[in-house]
Each structure stands twice: as C-alpha cells, then as structure tokens.
Amino acid sequence: MINIELNLFATLSKYLPGNNQFYQVHKKTSVEALIRELNIPDDMVKLIFINGKRAEKTYLLKQDDRLGIFPPVGGG
C-alpha cells in the first residue's frame with residue numbers, strides 16, 4: 001500500500017472517504033481506478049492534478065502523490 005494526499009473539490013467533496021484527505025491505495029493504482037473505487041461518476045470529473053500538474057486518468061499513483069480532482073464548473 002502507498003499513501004497519497006487526496007483532494008476532491010467543490011461538489012466532489014462528498015465522495016471523500018471519512019472526510020480525510022490522506023488515503024491509502026494499492027501500488028500501481030490508476031487515478032481512474034481510484035475514481036471508480038470512490039464511486040465518483042465519470043461525468044463529474046473534469047480536471048485531474050498530480051503534485052500541481054495536470055494529469056490523465058491513466059496516471060499510476062505513487063507514494064506521497066498529491067491528487068486533486070475537480071468537477072465541471074458552471075457559470076452564468
């Protein structure tokens with residue numbers, strides 16, 4: 001298992017397990033697999049950042065990564 005810092009922003013915060021931003025995942029877990037594990041609907045994920053840089057769902061998480069997931073933002 002590895003430890004990551006998990007940040008779910010805006011409407012995604014309700015999917016944060018136990019309201020705890022530190023999370024354990026298996027080695028070589030992809031962002032996409034974690035999104036499925038947390039039951040976040042695919043259409044609710046707009047942007048993914050790893051350690052402050054934009055990333056894809058296929059990224060394999062590493063020890064101490066900081067993962068930020070953002071939903072689509074509406075405006076008016």
# chains A, B, ... in the order shown; residues from 1 in each chain; ligands from 1
call {"tool": "residues_around", "arguments": {"residues": "A:Leu6", "least_positions_apart": "3", "cutoff": "6 Å", "atoms": "only C-alpha atoms", "output": "list of chain:residue names"}}
result
A:Gln21, A:Phe22, A:Leu67
call {"tool": "residues_around", "arguments": {"residues": "A:Ile69", "least_positions_apart": "2", "cutoff": "9 Å", "atoms": "only C-alpha atoms", "output": "list in words"}}
result
Leu6, Asn7, Leu8, Phe9, Leu12, Val45, Lys46, Leu47, Ile48, Phe49, Ile50, Leu67 and Pro71 of chain A
call {"tool": "residues_around", "arguments": {"residues": "stretch 24-36 of chain A", "least_positions_apart": "5", "cutoff": "9 Å", "atoms": "only C-alpha atoms", "output": "list in words"}}
result
Met1, Ile2, Asn3, Ile4, Glu5, Pro41, Asp42, Val45, Ile48, Glu56, Lys57, Thr58, Tyr59, Leu60, Leu61, Lys62, Gln63 and Leu67 of chain A
call {"tool": "select_by_dssp", "arguments": {"residues": "stretch 5-57 of chain A", "states": "strand (DSSP E)", "output": "number ranges by chain"}}
result
A: 5-8, 22-25, 47-50, 53-54
call {"tool": "atom_distance", "arguments": {"atom1": "atom CA of A:Ala55", "atom2": "atom CA of A:Val73"}}
result
18.1 Å
call {"tool": "atom_distance", "arguments": {"atom1": "atom CA of A:Asn51", "atom2": "atom CA of A:Arg66"}}
result
4.9 Å
call {"tool": "select_by_dssp", "arguments": {"residues": "chain A", "states": "helix (DSSP H, G or I)", "output": "PyMOL selection string"}}
result
chain A and resi 10-15+17-19+31-37+42-44
call {"tool": "write_last_selection", "arguments": {"atoms": "N, CA and C atoms", "output": "CSV table (one decimal), in the first residue's frame"}}
result
chain,number,residue,atom,x,y,z
A,10,ALA,N,-15.0,21.1,-4.5
A,10,ALA,CA,-16.4,21.6,-4.8
A,10,ALA,C,-17.4,20.4,-4.5
A,11,THR,N,-18.2,20.1,-5.5
A,11,THR,CA,-19.3,19.1,-5.4
A,11,THR,C,-18.7,17.7,-5.2
A,12,LEU,N,-17.4,17.5,-5.4
A,12,LEU,CA,-16.9,16.1,-5.3
A,12,LEU,C,-16.5,15.8,-3.8
A,13,SER,N,-16.5,16.9,-3.0
A,13,SER,CA,-16.0,16.7,-1.6
A,13,SER,C,-16.8,15.6,-0.8
A,14,LYS,N,-18.1,15.4,-1.3
A,14,LYS,CA,-18.9,14.4,-0.6
A,14,LYS,C,-18.4,13.0,-0.8
A,15,TYR,N,-17.6,12.8,-1.8
A,15,TYR,CA,-17.0,11.5,-2.1
A,15,TYR,C,-15.7,11.2,-1.3
A,17,PRO,N,-13.6,9.9,1.4
A,17,PRO,CA,-13.8,8.9,2.4
A,17,PRO,C,-13.5,9.4,3.8
A,18,GLY,N,-14.5,9.4,4.7
A,18,GLY,CA,-14.3,9.8,6.1
A,18,GLY,C,-13.8,11.2,6.2
A,19,ASN,N,-14.0,12.1,5.2
A,19,ASN,CA,-13.5,13.5,5.3
A,19,ASN,C,-12.1,13.6,5.6
A,31,VAL,N,-5.5,6.6,-11.4
A,31,VAL,CA,-6.4,7.6,-11.0
A,31,VAL,C,-7.8,7.1,-11.4
A,32,GLU,N,-8.0,6.6,-12.5
A,32,GLU,CA,-9.3,6.1,-13.0
A,32,GLU,C,-9.8,5.0,-12.1
A,33,ALA,N,-9.0,4.1,-11.6
A,33,ALA,CA,-9.4,3.0,-10.7
A,33,ALA,C,-9.8,3.6,-9.4
A,34,LEU,N,-9.1,4.6,-8.9
A,34,LEU,CA,-9.5,5.3,-7.6
A,34,LEU,C,-10.8,6.0,-7.8
A,35,ILE,N,-11.0,6.6,-8.9
A,35,ILE,CA,-12.3,7.3,-9.1
A,35,ILE,C,-13.5,6.3,-9.1
A,36,ARG,N,-13.3,5.1,-9.7
A,36,ARG,CA,-14.3,4.1,-9.6
A,36,ARG,C,-14.5,3.6,-8.2
A,37,GLU,N,-13.4,3.4,-7.5
A,37,GLU,CA,-13.4,2.9,-6.1
A,37,GLU,C,-14.2,3.8,-5.2
A,42,ASP,N,-18.2,9.3,-13.7
A,42,ASP,CA,-17.2,9.8,-14.7
A,42,ASP,C,-17.5,11.2,-15.2
A,43,ASP,N,-18.7,11.5,-15.4
A,43,ASP,CA,-19.1,12.8,-15.9
A,43,ASP,C,-18.9,14.0,-14.9
A,44,MET,N,-18.5,13.6,-13.7
A,44,MET,CA,-18.3,14.6,-12.6
A,44,MET,C,-16.8,14.9,-12.5
call {"tool": "decode", "arguments": {"residues": "stretch 31-44 of chain A", "atoms": "N, CA and C atoms", "output": "compact mmCIF listing (two decimals), in the first residue's frame"}}
result
# COMPACT_ATOMS: atom_id res chain seq x y z
N VAL A 31 -5.46 6.63 -11.42
CA VAL A 31 -6.44 7.62 -10.98
C VAL A 31 -7.84 7.13 -11.35
N GLU A 32 -7.98 6.57 -12.54
CA GLU A 32 -9.27 6.07 -13.00
C GLU A 32 -9.82 4.99 -12.06
N ALA A 33 -8.96 4.07 -11.62
CA ALA A 33 -9.40 3.02 -10.70
C ALA A 33 -9.82 3.61 -9.36
N LEU A 34 -9.11 4.62 -8.89
CA LEU A 34 -9.48 5.27 -7.63
C LEU A 34 -10.82 5.99 -7.76
N ILE A 35 -11.05 6.64 -8.88
CA ILE A 35 -12.33 7.32 -9.12
C ILE A 35 -13.47 6.30 -9.05
N ARG A 36 -13.28 5.13 -9.66
CA ARG A 36 -14.30 4.07 -9.61
C ARG A 36 -14.48 3.57 -8.17
N GLU A 37 -13.37 3.38 -7.46
CA GLU A 37 -13.42 2.90 -6.08
C GLU A 37 -14.21 3.85 -5.18
N LEU A 38 -14.10 5.15 -5.44
CA LEU A 38 -14.79 6.15 -4.64
C LEU A 38 -16.22 6.41 -5.12
N ASN A 39 -16.63 5.69 -6.18
CA ASN A 39 -17.97 5.83 -6.76
C ASN A 39 -18.27 7.23 -7.27
N ILE A 40 -17.25 7.88 -7.82
CA ILE A 40 -17.44 9.20 -8.42
C ILE A 40 -17.87 8.99 -9.87
N PRO A 41 -19.04 9.53 -10.26
CA PRO A 41 -19.49 9.40 -11.65
C PRO A 41 -18.46 10.01 -12.62
N ASP A 42 -18.20 9.31 -13.71
CA ASP A 42 -17.22 9.76 -14.72
C ASP A 42 -17.49 11.17 -15.20
N ASP A 43 -18.74 11.52 -15.40
CA ASP A 43 -19.05 12.84 -15.93
C ASP A 43 -18.85 13.95 -14.89
N MET A 44 -18.53 13.58 -13.66
CA MET A 44 -18.29 14.57 -12.61
C MET A 44 -16.81 14.94 -12.49
